[in-house]
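Next comes data-v6.cif, a file with mmCIF, C-alpha atoms and all ligand atoms.
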data_final
loop_
_atom_site.label_atom_id
_atom_site.label_comp_id
_atom_site.auth_asym_id
_atom_site.auth_seq_id
_atom_site.Cartn_x
_atom_site.Cartn_y
_atom_site.Cartn_z
CA MET Y 22 -0.26 10.11 -16.64
CA ASN Y 23 -3.87 10.86 -15.80
CA SER Y 24 -5.18 14.35 -15.20
CA PHE Y 25 -5.27 13.98 -11.44
CA TYR Y 26 -1.51 13.60 -11.30
CA VAL Y 27 -0.83 16.25 -13.91
CA ASP Y 28 -2.94 18.71 -11.90
CA TYR Y 29 -1.18 17.87 -8.70
CA VAL Y 30 2.36 17.84 -10.02
CA SER Y 31 1.97 21.10 -11.92
CA SER Y 32 0.62 22.75 -8.77
CA ARG Y 33 3.78 21.99 -6.84
CA CYS Y 34 6.33 24.76 -6.51
CA TYR Y 35 9.51 22.98 -5.49
CA ASN Y 36 12.74 24.91 -5.63
CA ALA Y 37 15.64 25.98 -3.46
CA PRO Y 38 15.80 27.59 -0.95
CA ALA Y 39 13.79 25.62 1.59
CA PHE Y 40 10.18 26.52 2.10
CA VAL Y 41 7.37 25.09 4.16
CA ARG Y 42 4.32 24.12 2.15
CA ASP Y 43 0.87 23.65 3.55
CA CYS Y 44 0.33 19.92 3.27
CA ALA Y 45 -3.26 19.94 4.47
CA SER Y 46 -4.65 18.81 1.11
CA VAL Y 47 -4.95 15.04 1.06
CA MET Y 48 -3.64 13.58 -2.12
CA ASP Y 49 -5.53 10.35 -2.31
CA VAL Y 50 -5.33 8.41 -5.55
CA LEU Y 51 -9.01 7.49 -5.15
CA ALA Y 52 -10.09 11.14 -5.18
CA GLY Y 53 -12.33 11.85 -8.15
CA LYS Y 54 -12.28 8.26 -9.37
CA GLN Y 55 -15.56 6.71 -10.54
CA ILE Y 56 -16.01 3.33 -8.94
CA VAL Y 57 -18.85 0.95 -9.63
CA LEU Y 58 -19.45 -1.26 -6.61
CA GLY Y 59 -21.47 -4.28 -7.73
CA VAL Y 60 -23.14 -5.99 -4.79
CA SER Y 61 -24.71 -9.42 -5.20
CA GLY Y 62 -26.84 -11.56 -2.93
CA SER Y 63 -24.73 -12.86 -0.08
CA ILE Y 64 -25.09 -12.23 3.64
CA ALA Y 65 -21.64 -10.61 3.33
CA ALA Y 66 -23.33 -7.73 1.46
CA TYR Y 67 -23.68 -5.83 4.75
CA LYS Y 68 -19.88 -5.74 5.10
CA VAL Y 69 -19.37 -3.79 1.89
CA ALA Y 70 -21.40 -0.89 3.31
CA GLU Y 71 -18.22 0.04 5.15
CA LEU Y 72 -16.21 -0.31 1.95
CA ALA Y 73 -18.64 2.02 0.15
CA ARG Y 74 -18.25 4.53 2.97
CA ASN Y 75 -14.45 4.38 3.04
CA LEU Y 76 -14.13 4.74 -0.74
CA THR Y 77 -16.49 7.72 -0.60
CA LEU Y 78 -14.54 9.32 2.25
CA ALA Y 79 -11.37 8.90 0.18
CA GLY Y 80 -13.01 11.08 -2.48
CA ALA Y 81 -14.22 8.42 -4.93
CA LEU Y 82 -17.61 8.68 -6.64
CA VAL Y 83 -19.15 5.34 -5.79
CA ASP Y 84 -22.06 4.04 -7.85
CA VAL Y 85 -23.53 1.03 -6.11
CA VAL Y 86 -25.25 -1.48 -8.37
CA MET Y 87 -27.23 -4.15 -6.53
CA THR Y 88 -28.64 -7.36 -7.84
CA GLU Y 89 -32.18 -8.29 -6.88
CA ALA Y 90 -30.88 -10.87 -4.41
CA ALA Y 91 -28.51 -8.34 -2.81
CA GLN Y 92 -31.49 -6.15 -1.90
CA ARG Y 93 -32.87 -8.99 0.21
CA PHE Y 94 -29.82 -8.69 2.45
CA VAL Y 95 -29.21 -4.91 2.55
CA GLY Y 96 -31.54 -2.04 1.64
CA THR Y 97 -30.62 0.45 -1.05
CA ALA Y 98 -31.05 3.27 1.47
CA THR Y 99 -27.95 2.11 3.34
CA PHE Y 100 -25.67 2.48 0.32
CA GLN Y 101 -27.43 5.62 -0.86
CA ALA Y 102 -26.82 7.31 2.49
CA LEU Y 103 -23.18 6.22 2.62
CA THR Y 104 -22.26 7.18 -0.95
CA GLY Y 105 -24.53 10.20 -1.38
CA ARG Y 106 -25.48 8.83 -4.80
CA PRO Y 107 -28.50 6.95 -6.10
CA VAL Y 108 -28.22 3.18 -5.89
CA LEU Y 109 -28.85 1.44 -9.20
CA THR Y 110 -30.82 -1.76 -9.28
CA ASP Y 111 -32.78 -1.97 -12.48
CA LEU Y 112 -31.58 -2.15 -16.05
CA TRP Y 113 -34.86 -0.57 -17.18
CA ALA Y 114 -35.33 2.12 -14.54
CA LEU Y 115 -32.35 4.38 -14.94
CA PRO Y 116 -32.38 8.05 -13.90
CA GLU Y 117 -34.48 10.29 -16.10
CA ASP Y 118 -31.61 12.50 -17.20
CA GLY Y 119 -30.32 9.46 -19.03
CA ILE Y 120 -26.73 10.29 -18.08
CA ILE Y 121 -26.27 6.95 -16.40
CA GLY Y 122 -27.27 4.68 -19.23
CA HIS Y 123 -26.90 0.95 -18.80
CA VAL Y 124 -23.72 0.92 -20.87
CA ALA Y 125 -22.48 4.37 -19.82
CA LEU Y 126 -22.05 3.28 -16.22
CA GLY Y 127 -19.42 0.71 -17.16
CA ARG Y 128 -17.87 2.97 -19.77
CA GLN Y 129 -17.36 5.90 -17.38
CA ALA Y 130 -15.98 3.79 -14.53
CA ASN Y 131 -12.31 3.87 -13.56
CA LEU Y 132 -12.75 0.66 -11.60
CA VAL Y 133 -15.44 -1.96 -11.07
CA ILE Y 134 -15.48 -3.85 -7.76
CA LEU Y 135 -17.71 -6.90 -7.42
CA ALA Y 136 -18.13 -7.52 -3.69
CA PRO Y 137 -19.49 -9.81 -2.54
CA ALA Y 138 -19.52 -11.84 -5.75
CA THR Y 139 -21.71 -14.91 -5.39
CA ALA Y 140 -21.29 -18.19 -7.28
CA ASN Y 141 -24.25 -17.14 -9.42
CA THR Y 142 -22.72 -13.75 -10.30
CA LEU Y 143 -19.36 -15.37 -11.13
CA ALA Y 144 -21.14 -17.85 -13.39
CA ARG Y 145 -23.15 -15.16 -15.17
CA ILE Y 146 -20.05 -13.04 -15.80
CA ALA Y 147 -18.02 -16.04 -16.94
CA ALA Y 148 -20.84 -16.90 -19.38
CA GLY Y 149 -20.90 -13.31 -20.66
CA LEU Y 150 -24.53 -12.76 -19.71
CA SER Y 151 -26.01 -9.28 -19.48
CA ASP Y 152 -29.35 -10.04 -17.85
CA ASP Y 153 -29.25 -7.33 -15.20
CA LEU Y 154 -27.52 -3.99 -14.61
CA LEU Y 155 -24.57 -5.55 -12.79
CA THR Y 156 -23.64 -8.06 -15.49
CA THR Y 157 -24.33 -5.53 -18.24
CA THR Y 158 -21.96 -3.07 -16.57
CA VAL Y 159 -19.21 -5.67 -16.31
CA LEU Y 160 -19.68 -6.67 -19.94
CA ALA Y 161 -19.63 -3.06 -21.12
CA THR Y 162 -16.71 -1.76 -19.10
CA THR Y 163 -13.14 -1.29 -20.22
CA ALA Y 164 -12.13 -0.46 -16.64
CA PRO Y 165 -10.23 -2.98 -14.50
CA VAL Y 166 -12.51 -5.34 -12.58
CA LEU Y 167 -11.78 -6.56 -9.05
CA CYS Y 168 -13.91 -9.51 -8.04
CA VAL Y 169 -14.27 -10.57 -4.40
CA PRO Y 170 -16.11 -13.89 -4.02
CA ALA Y 171 -17.92 -14.81 -0.81
CA MET Y 172 -20.02 -17.94 -0.41
CA ASN Y 173 -20.48 -21.29 1.27
CA THR Y 174 -17.31 -23.44 1.22
CA HIS Y 175 -18.81 -26.19 -0.93
CA MET Y 176 -20.13 -23.69 -3.47
CA TYR Y 177 -16.69 -22.07 -3.62
CA THR Y 178 -14.73 -25.29 -4.01
CA ASN Y 179 -17.22 -26.71 -6.52
CA ALA Y 180 -15.53 -27.37 -9.86
CA ALA Y 181 -18.03 -25.15 -11.67
CA THR Y 182 -17.17 -22.12 -9.50
CA GLN Y 183 -13.45 -22.82 -9.72
CA GLU Y 184 -13.62 -23.06 -13.50
CA ASN Y 185 -15.57 -19.81 -13.66
CA ILE Y 186 -12.96 -18.09 -11.52
CA ALA Y 187 -10.18 -19.45 -13.74
CA THR Y 188 -12.05 -18.09 -16.77
CA LEU Y 189 -12.38 -14.65 -15.22
CA ARG Y 190 -8.69 -14.57 -14.27
CA ARG Y 191 -7.70 -15.63 -17.78
CA ARG Y 192 -9.65 -12.63 -19.07
CA GLY Y 193 -7.73 -10.25 -16.81
CA ILE Y 194 -10.25 -9.87 -14.00
CA VAL Y 195 -8.52 -9.80 -10.61
CA VAL Y 196 -10.25 -12.37 -8.40
CA LEU Y 197 -9.34 -12.38 -4.70
CA GLU Y 198 -9.23 -15.53 -2.59
CA PRO Y 199 -11.95 -15.60 0.08
CA GLU Y 200 -10.76 -15.92 3.66
CA VAL Y 201 -10.99 -19.01 5.81
CA GLY Y 202 -13.06 -18.64 8.97
CA GLN Y 203 -16.49 -18.72 10.50
CA LEU Y 204 -19.15 -18.55 7.80
CA ALA Y 205 -22.70 -17.23 8.22
CA GLU Y 206 -23.91 -20.77 8.73
CA PRO Y 207 -22.45 -22.72 11.68
CA MET Y 208 -19.42 -23.87 9.74
CA VAL Y 209 -15.76 -22.91 9.48
CA GLY Y 210 -14.18 -22.97 6.04
CA ILE Y 211 -13.09 -20.97 3.02
CA GLY Y 212 -15.62 -18.48 1.68
CA ARG Y 213 -15.55 -15.44 3.97
CA LEU Y 214 -15.42 -11.99 2.42
CA PRO Y 215 -12.06 -10.29 3.15
CA SER Y 216 -12.27 -7.18 5.35
CA PRO Y 217 -13.25 -3.83 3.79
CA ALA Y 218 -9.67 -2.60 4.36
CA THR Y 219 -8.25 -5.60 2.48
CA ILE Y 220 -10.62 -5.09 -0.44
CA GLU Y 221 -9.77 -1.38 -0.50
CA GLY Y 222 -6.03 -2.16 -0.56
CA HIS Y 223 -6.49 -4.44 -3.55
CA ALA Y 224 -8.72 -1.86 -5.24
CA ARG Y 225 -5.97 0.71 -4.86
CA ALA Y 226 -3.41 -1.72 -6.28
CA VAL Y 227 -5.61 -2.60 -9.27
CA LEU Y 228 -6.38 1.05 -10.01
CA GLY Y 229 -2.73 2.01 -9.58
CA SER Y 230 -1.57 -0.74 -11.94
CA ARG Y 231 -3.89 0.70 -14.59
CA VAL Y 232 -3.46 4.48 -14.21
CA GLY Y 233 -0.82 5.10 -11.51
CA PRO Y 234 2.17 7.30 -12.34
CA LEU Y 235 4.61 4.62 -11.07
CA ARG Y 236 3.04 1.65 -12.85
CA GLY Y 237 5.53 -0.86 -14.10
CA ARG Y 238 8.22 0.51 -11.78
CA ARG Y 239 9.89 -1.63 -9.14
CA ILE Y 240 10.36 0.00 -5.77
CA VAL Y 241 12.18 -1.45 -2.79
CA ILE Y 242 11.33 0.03 0.60
CA THR Y 243 12.81 -0.91 3.95
CA ALA Y 244 10.86 -0.32 7.15
CA GLY Y 245 11.11 -0.68 10.91
CA GLY Y 246 14.16 -1.31 13.03
CA THR Y 247 16.40 -4.34 13.26
CA HIS Y 248 16.87 -6.66 16.23
CA GLU Y 249 20.44 -7.73 16.93
CA PRO Y 250 20.34 -10.86 19.07
CA ILE Y 251 22.29 -11.10 22.31
CA ASP Y 252 21.05 -14.56 23.23
CA PRO Y 253 17.96 -16.64 22.27
CA VAL Y 254 15.60 -14.30 24.17
CA ARG Y 255 17.27 -10.85 24.14
CA PHE Y 256 18.25 -8.37 21.50
CA VAL Y 257 19.58 -4.86 20.90
CA GLY Y 258 16.91 -2.83 19.08
CA ASN Y 259 15.32 0.58 18.67
CA ARG Y 260 11.88 2.15 18.87
CA SER Y 261 11.10 2.28 15.14
CA SER Y 262 7.52 1.07 14.56
CA GLY Y 263 7.73 0.60 10.80
CA ARG Y 264 4.77 2.93 10.26
CA MET Y 265 6.53 5.36 7.92
CA GLY Y 266 7.97 2.60 5.74
CA PHE Y 267 4.62 0.82 5.57
CA ALA Y 268 2.93 4.09 4.60
CA LEU Y 269 5.52 4.61 1.85
CA ALA Y 270 4.93 1.07 0.59
CA SER Y 271 1.15 1.61 0.46
CA ALA Y 272 1.55 4.97 -1.29
CA ALA Y 273 3.87 3.39 -3.89
CA ARG Y 274 1.38 0.53 -4.43
CA ASP Y 275 -1.44 3.05 -4.88
CA ARG Y 276 0.60 4.67 -7.64
CA GLY Y 277 0.98 1.41 -9.48
CA ALA Y 278 4.50 0.43 -8.44
CA GLN Y 279 5.50 -3.16 -7.86
CA VAL Y 280 6.67 -2.89 -4.28
CA THR Y 281 9.02 -5.08 -2.27
CA LEU Y 282 8.78 -4.14 1.38
CA ILE Y 283 11.67 -5.37 3.51
CA ALA Y 284 10.46 -5.13 7.08
CA GLY Y 285 12.23 -5.52 10.38
CA PRO Y 286 10.32 -6.93 13.36
CA THR Y 287 7.02 -5.08 13.82
CA THR Y 288 3.53 -5.86 15.03
CA LEU Y 289 1.93 -3.81 12.24
CA PRO Y 290 -0.38 -5.76 9.91
CA PRO Y 291 1.28 -6.25 6.51
CA PRO Y 292 0.05 -3.86 3.83
CA VAL Y 293 -2.27 -5.45 1.29
CA ALA Y 294 -1.08 -6.41 -2.22
CA ILE Y 295 2.59 -5.89 -1.44
CA ASP Y 296 5.42 -8.45 -1.32
CA VAL Y 297 6.78 -8.39 2.23
CA VAL Y 298 10.19 -9.82 3.07
CA ARG Y 299 10.56 -10.22 6.83
CA VAL Y 300 14.02 -9.83 8.34
CA GLU Y 301 15.33 -9.53 11.85
CA THR Y 302 18.94 -8.34 11.75
CA ALA Y 303 20.93 -5.72 9.84
CA LEU Y 304 22.87 -8.46 8.06
CA GLN Y 305 19.63 -10.11 6.92
CA MET Y 306 18.34 -6.73 5.78
CA ARG Y 307 21.54 -6.10 3.80
CA ASP Y 308 21.15 -9.45 2.00
CA ALA Y 309 17.44 -8.88 1.33
CA VAL Y 310 18.13 -5.40 -0.07
CA ALA Y 311 20.97 -6.74 -2.25
CA ALA Y 312 18.61 -9.33 -3.76
CA ALA Y 313 15.67 -6.93 -4.17
CA VAL Y 314 17.55 -4.07 -5.87
CA ALA Y 315 18.72 -6.31 -8.72
CA TYR Y 316 15.90 -4.95 -10.91
CA ALA Y 317 14.83 -1.91 -8.88
CA ASP Y 318 14.08 1.57 -10.18
CA LEU Y 319 14.01 3.14 -6.73
CA LEU Y 320 15.26 2.20 -3.26
CA ILE Y 321 13.89 4.00 -0.21
CA MET Y 322 15.87 3.01 2.89
CA ASN Y 323 13.51 4.04 5.64
CA ALA Y 324 14.60 1.34 8.11
CA ALA Y 325 16.32 2.31 11.33
CA VAL Y 326 19.13 -0.20 10.87
CA ALA Y 327 21.08 -0.94 14.05
CA ASP Y 328 24.56 0.53 13.74
CA PHE Y 329 26.04 -2.13 16.04
CA ARG Y 330 25.39 -5.76 16.90
CA PRO Y 331 26.67 -7.90 19.75
CA ALA Y 332 30.09 -9.30 18.85
CA GLU Y 333 29.17 -12.73 20.19
CA LEU Y 334 25.81 -14.43 20.07
CA SER Y 335 25.22 -16.62 23.09
CA HIS Y 336 23.31 -19.74 22.09
CA GLN Y 337 22.08 -20.15 25.64
CA LYS Y 338 20.23 -17.62 27.75
CA ILE Y 339 22.80 -15.51 29.62
CA LYS Y 340 22.34 -16.03 33.36
CA LYS Y 341 22.60 -13.29 35.96
CA GLY Y 342 25.03 -15.14 38.20
CA ALA Y 343 26.60 -13.14 41.00
CA ASP Y 344 28.07 -10.39 38.78
CA GLU Y 345 26.90 -6.80 39.25
CA GLU Y 346 27.83 -5.90 35.68
CA LEU Y 347 27.55 -7.46 32.26
CA MET Y 348 29.83 -6.21 29.50
CA LEU Y 349 28.37 -6.44 26.05
CA ARG Y 350 30.86 -5.91 23.24
CA LEU Y 351 29.33 -4.48 20.07
CA VAL Y 352 30.73 -4.47 16.55
CA ARG Y 353 29.74 -2.26 13.62
CA ASN Y 354 27.07 -3.40 11.24
CA PRO Y 355 27.68 -2.75 7.54
CA ASP Y 356 26.13 0.46 6.21
CA ILE Y 357 23.66 -0.92 3.65
CA LEU Y 358 23.25 2.31 1.70
CA ALA Y 359 26.96 3.16 1.71
CA GLY Y 360 27.58 -0.34 0.35
CA LEU Y 361 25.47 0.58 -2.69
CA ALA Y 362 27.28 3.91 -3.30
CA ASP Y 363 28.63 2.81 -6.69
CA ARG Y 364 25.23 1.62 -7.91
CA HIS Y 365 23.67 4.22 -10.17
CA ASP Y 366 21.09 2.04 -11.90
CA PHE Y 367 18.31 3.07 -9.50
CA VAL Y 368 17.32 6.17 -7.55
CA LYS Y 369 18.51 6.00 -3.94
CA VAL Y 370 16.71 7.73 -1.10
CA GLY Y 371 17.78 7.55 2.54
CA PHE Y 372 16.32 8.78 5.80
CA ALA Y 373 18.10 10.66 8.57
CA ALA Y 374 16.42 10.68 11.98
CA GLU Y 375 18.32 13.15 14.13
CA THR Y 376 17.87 14.81 17.49
CA HIS Y 377 19.90 17.93 16.51
CA ASP Y 378 21.69 19.68 13.60
CA LEU Y 379 19.29 18.06 11.13
CA GLU Y 380 20.46 19.82 7.99
CA ALA Y 381 24.19 19.42 8.57
CA TYR Y 382 23.90 15.69 9.32
CA ALA Y 383 21.48 15.12 6.46
CA ARG Y 384 23.73 16.84 3.91
CA THR Y 385 26.78 14.92 5.13
CA LYS Y 386 24.91 11.59 4.76
CA LEU Y 387 23.58 12.57 1.35
CA ALA Y 388 27.16 12.92 0.12
CA ARG Y 389 28.81 10.11 2.13
CA LYS Y 390 26.23 7.49 1.18
CA GLY Y 391 26.06 8.60 -2.46
CA LEU Y 392 22.30 9.26 -2.30
CA ASP Y 393 20.01 11.09 -4.69
CA MET Y 394 17.88 12.35 -1.81
CA ILE Y 395 17.84 12.21 1.96
CA ILE Y 396 14.75 12.80 4.05
CA ALA Y 397 15.49 14.27 7.45
CA ASN Y 398 13.21 14.18 10.43
CA GLU Y 399 13.38 14.96 14.11
CA ALA Y 400 13.85 11.53 15.71
CA VAL Y 401 12.04 11.88 19.03
CA ALA Y 402 8.99 13.61 17.52
CA SER Y 403 8.65 11.01 14.75
CA ILE Y 404 9.57 7.55 15.97
CA GLY Y 405 6.46 5.71 17.13
CA HIS Y 406 4.16 8.65 16.27
CA ASP Y 407 1.41 8.79 13.65
CA ASP Y 408 2.52 12.22 12.37
CA ILE Y 409 5.83 13.34 10.94
CA ALA Y 410 7.50 16.54 9.71
CA VAL Y 411 10.26 15.96 7.16
CA THR Y 412 12.67 17.96 5.04
CA LEU Y 413 13.80 16.58 1.70
CA PHE Y 414 17.42 17.35 0.72
CA ASP Y 415 18.94 16.74 -2.67
CA ALA Y 416 21.66 18.26 -4.83
CA ALA Y 417 19.34 21.04 -5.99
CA GLY Y 418 17.99 22.24 -2.67
CA SER Y 419 15.54 21.30 0.03
CA GLU Y 420 11.83 21.13 0.65
CA ALA Y 421 10.15 21.05 4.04
CA LEU Y 422 6.84 19.25 4.50
CA ALA Y 423 4.76 20.39 7.46
CA ARG Y 424 3.86 17.91 10.19
CA GLN Y 425 1.12 15.62 8.89
CA PRO Y 426 -0.07 12.00 9.14
CA LYS Y 427 2.55 9.55 7.89
CA ALA Y 428 0.22 8.23 5.17
CA GLN Y 429 -0.10 11.72 3.76
CA ALA Y 430 3.59 12.48 4.14
CA ALA Y 431 4.36 9.25 2.26
CA ALA Y 432 2.19 10.37 -0.65
CA HIS Y 433 3.94 13.75 -0.77
CA ILE Y 434 7.38 12.14 -0.59
CA LEU Y 435 6.63 9.79 -3.49
CA GLU Y 436 5.22 12.60 -5.62
CA ALA Y 437 8.31 14.71 -4.82
CA ILE Y 438 10.64 11.86 -5.84
CA LEU Y 439 8.67 11.27 -9.03
CA GLN Y 440 8.80 14.96 -9.86
CA ARG Y 441 12.59 15.07 -9.54
CA TRP Y 442 13.36 11.94 -11.60
CA PRO Y 443 10.48 11.71 -14.09
CA ALA Y 444 12.51 9.97 -16.77
CA ARG Y 445 13.76 7.24 -14.43
CA LEU Y 446 10.45 6.65 -12.68
CA ALA Y 447 7.69 7.49 -15.16
CA ALA Y 448 5.08 4.83 -15.72
CA ILE Y 449 5.89 1.98 -18.09
CA SER Y 450 2.83 0.94 -20.09
CA GLY Y 451 1.97 -2.55 -21.02
O1 LIG H 1 24.02 6.81 9.24
P1 LIG H 1 22.57 6.75 9.58
O2 LIG H 1 22.20 5.48 10.27
O3 LIG H 1 22.07 7.91 10.35
O4 LIG H 1 21.85 6.83 8.15
C1 LIG H 1 20.50 6.62 8.01
C2 LIG H 1 20.21 6.09 6.63
O5 LIG H 1 21.13 5.07 6.30
C3 LIG H 1 18.84 5.46 6.57
O6 LIG H 1 18.35 5.58 5.26
C4 LIG H 1 19.13 4.01 6.92
O7 LIG H 1 18.14 3.14 6.43
C5 LIG H 1 20.49 3.79 6.27
N1 LIG H 1 21.37 2.86 6.97
C6 LIG H 1 21.90 1.80 6.29
N2 LIG H 1 22.71 0.90 6.93
C7 LIG H 1 23.02 1.07 8.21
C8 LIG H 1 22.51 2.16 8.92
C9 LIG H 1 21.68 3.04 8.27
O8 LIG H 1 21.64 1.65 5.09
N3 LIG H 1 23.81 0.20 8.81
#

Can I see the file as structure tokens?
Amino acid sequence: MNSFYVDYVSSRCYNAPAFVRDCASVMDVLAGKQIVLGVSGSIAAYKVAELARNLTLAGALVDVVMTEAAQRFVGTATFQALTGRPVLTDLWALPEDGIIGHVALGRQANLVILAPATANTLARIAAGLSDDLLTTTVLATTAPVLCVPAMNTHMYTNAATQENIATLRRRGIVVLEPEVGQLAEPMVGIGRLPSPATIEGHARAVLGSRVGPLRGRRIVITAGGTHEPIDPVRFVGNRSSGRMGFALASAARDRGAQVTLIAGPTTLPPPVAIDVVRVETALQMRDAVAAAVAYADLLIMNAAVADFRPAELSHQKIKKGADEELMLRLVRNPDILAGLADRHDFVKVGFAAETHDLEAYARTKLARKGLDMIIANEAVASIGHDDIAVTLFDAAGSEALARQPKAQAAAHILEAILQRWPARLAAISG
């Protein structure tokens, strides 16, 4: 466990009876991390200015290292302004205090991101060269390296580049696939730099897999609602957006967990670096959960599973006809969590979205579904909103988290779960 987590966990003061804690402090896993952002000479260099900004806003200390060619595309002043730190370009002109030596930069880093990585940079790293500050830093670092190639399609598909990428991967460097789309030149093909948000998601996953408190742990999270078909074009559903479950999945990824996200129908973009299993109905979700928990350490059932489904599925669109009424007979869906009540090989966490009597309903479900924890929230104020206020109930007591953005609430929830079951969820090295 790194010091960031130790500091945070020891500062928590969980205990019964319920209390409301000020959750204003953002607990971002990037906070305080030293990240070297190596920029090489591609037109895509301008796109990583936004990445540098977002990493900095998340609390990371971002040292931008630019190759000579990169400076022809973007000026150092751009990165310097966005990171608030000097931009490093020259192996021989390091700051006078000597703190950032050419080897020290790589040694101190928690993560090195190479974006964009050109064919030339890939080749130099694969060859083990150290002919500028960027390659020297990569050679000298023991930190994980995330490499994001961007180049012309033919340069990318060239056997030399592909062999270099294979070499880097064999050595443990994470190399992302470029995206297919419009390139800088009038041509559509593979070679585009992924979006700053995608690169950041992968950076979080790579960092988490190295230092996260849940690394090596398998976490299954369900999200969204389910759609229970009436006929080929209609369904019974609910208003769940999937936002809370997606936020939990991202927070678990950031902490190094191997996440399986089982998602009901939603228009949300899939979180980066997470296995997503798409389902539509409660029965499909039950089967997906059954398969995913086979090796799980933790299940968080956040999905708003439909309690009922139409008894009959019409294979043709139901027509209005002359009738003033349409009777729809519904039958009970299986309770997925209750069906796992006799499984004690993983920690089980449920959600209870209620409009009234939150605590009473939550405690009843905690017992009836055989859960380790249930997280209660006020349904109308939460579903479809960006913010949420939750209360965590378990056998020992309860803890209320003030209303806050779902991403932040997700981080608090995961830390709270980890704090209660450290032996079952602590990081597995290796
Ligand atoms: O009973 P209720 O639907 O209020 O319980 C909510 C919790 O149970 C949530 O964690 C939800 O994901 C889970 N659930 C389930 N199977 C159902 C309905 C809800 O696992 N059929």

Could you list, as an MDAnalysis selection string, all the residues within 10 Å of ligand LIG 1 (chain H), counting all atoms listed in the file?
chainID Y and resid 242:247 303:304 306:307 310 320:329 353:361 369:375 382:383 385:387 389:390 392 394:397

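Each of Y:Thr99, Y:Asn179, Y:Thr162, Y:Asn131 was checked against Leu51 (chain Y) using all atoms listed in the file; the smallest atom-to-atom distance is that of Y:Asn131.
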
From the list Y:Ala332, Y:Ala102, Y:Ala270, Y:Ala315, the nearest residue to Ala428 (chain Y) using all atoms listed in the file is Y:Ala270

Kindly provide, as number ranges by chain, the polymer residues lying within 8 Å of (2.9, 16.6, 12.2), counting all atoms listed in the file and using the coordinates exactly as they appear in the file.
Y: 408-410, 423-426

With a cut-off of 12 Å, could you pull out the residues of region 65-142 of chain Y touching region 189-207 of chain Y and give me the nearest pair of atoms for each, distance in Å to one decimal, using all atoms listed in the file, ordered by chain and ascending number, as a tab-separated table?
residue	atom	partner	partner_atom	distance
Y:Ala65	CA	Y:Ala205	CA	8.3
Y:Ala66	CA	Y:Ala205	CA	11.7
Y:Tyr67	CA	Y:Ala205	CA	12.0
Y:Leu132	CA	Y:Ile194	CA	11.1
Y:Val133	CA	Y:Ile194	CA	9.9
Y:Ile134	CA	Y:Val195	CA	9.6
Y:Leu135	CA	Y:Val196	CA	9.3
Y:Ala136	CA	Y:Leu197	CA	10.1
Y:Pro137	CA	Y:Pro199	CA	9.9
Y:Ala138	CA	Y:Val196	CA	9.7
Y:Thr139	CA	Y:Pro199	CA	11.2
Y:Thr142	CA	Y:Leu189	CA	11.5

Given the selection you just returned, output its residues as a file containing C-alpha atoms, formatted as a short mmCIF file (atom, residue, chain, number, x, y, z; two decimals), in the frame of the given file.
data_model
loop_
_atom_site.label_atom_id
_atom_site.label_comp_id
_atom_site.auth_asym_id
_atom_site.auth_seq_id
_atom_site.Cartn_x
_atom_site.Cartn_y
_atom_site.Cartn_z
CA ALA Y 65 -21.64 -10.61 3.33
CA ALA Y 66 -23.33 -7.73 1.46
CA TYR Y 67 -23.68 -5.83 4.75
CA LEU Y 132 -12.75 0.66 -11.60
CA VAL Y 133 -15.44 -1.96 -11.07
CA ILE Y 134 -15.48 -3.85 -7.76
CA LEU Y 135 -17.71 -6.90 -7.42
CA ALA Y 136 -18.13 -7.52 -3.69
CA PRO Y 137 -19.49 -9.81 -2.54
CA ALA Y 138 -19.52 -11.84 -5.75
CA THR Y 139 -21.71 -14.91 -5.39
CA THR Y 142 -22.72 -13.75 -10.30
#

Long-range neighbours of Leu72 (chain Y) as a short mmCIF file (atom, residue, chain, number, x, y, z; two decimals) with C-alpha atoms, in the coordinates of the input, 12 Å cut-off, all atoms listed in the file, 4 positions minimum in chain:
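What ended up in result_27.cif:
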data_model
loop_
_atom_site.label_atom_id
_atom_site.label_comp_id
_atom_site.auth_asym_id
_atom_site.auth_seq_id
_atom_site.Cartn_x
_atom_site.Cartn_y
_atom_site.Cartn_z
CA ILE Y 56 -16.01 3.33 -8.94
CA VAL Y 57 -18.85 0.95 -9.63
CA LEU Y 58 -19.45 -1.26 -6.61
CA GLY Y 59 -21.47 -4.28 -7.73
CA VAL Y 60 -23.14 -5.99 -4.79
CA ALA Y 65 -21.64 -10.61 3.33
CA ALA Y 66 -23.33 -7.73 1.46
CA TYR Y 67 -23.68 -5.83 4.75
CA LYS Y 68 -19.88 -5.74 5.10
CA LEU Y 76 -14.13 4.74 -0.74
CA THR Y 77 -16.49 7.72 -0.60
CA LEU Y 78 -14.54 9.32 2.25
CA ALA Y 79 -11.37 8.90 0.18
CA ALA Y 81 -14.22 8.42 -4.93
CA VAL Y 83 -19.15 5.34 -5.79
CA VAL Y 85 -23.53 1.03 -6.11
CA PHE Y 100 -25.67 2.48 0.32
CA LEU Y 103 -23.18 6.22 2.62
CA THR Y 104 -22.26 7.18 -0.95
CA ILE Y 134 -15.48 -3.85 -7.76
CA LEU Y 135 -17.71 -6.90 -7.42
CA ALA Y 136 -18.13 -7.52 -3.69
CA PRO Y 137 -19.49 -9.81 -2.54
CA LEU Y 214 -15.42 -11.99 2.42
CA PRO Y 215 -12.06 -10.29 3.15
CA SER Y 216 -12.27 -7.18 5.35
CA PRO Y 217 -13.25 -3.83 3.79
CA ALA Y 218 -9.67 -2.60 4.36
CA THR Y 219 -8.25 -5.60 2.48
CA ILE Y 220 -10.62 -5.09 -0.44
CA GLU Y 221 -9.77 -1.38 -0.50
CA GLY Y 222 -6.03 -2.16 -0.56
CA HIS Y 223 -6.49 -4.44 -3.55
CA ALA Y 224 -8.72 -1.86 -5.24
#
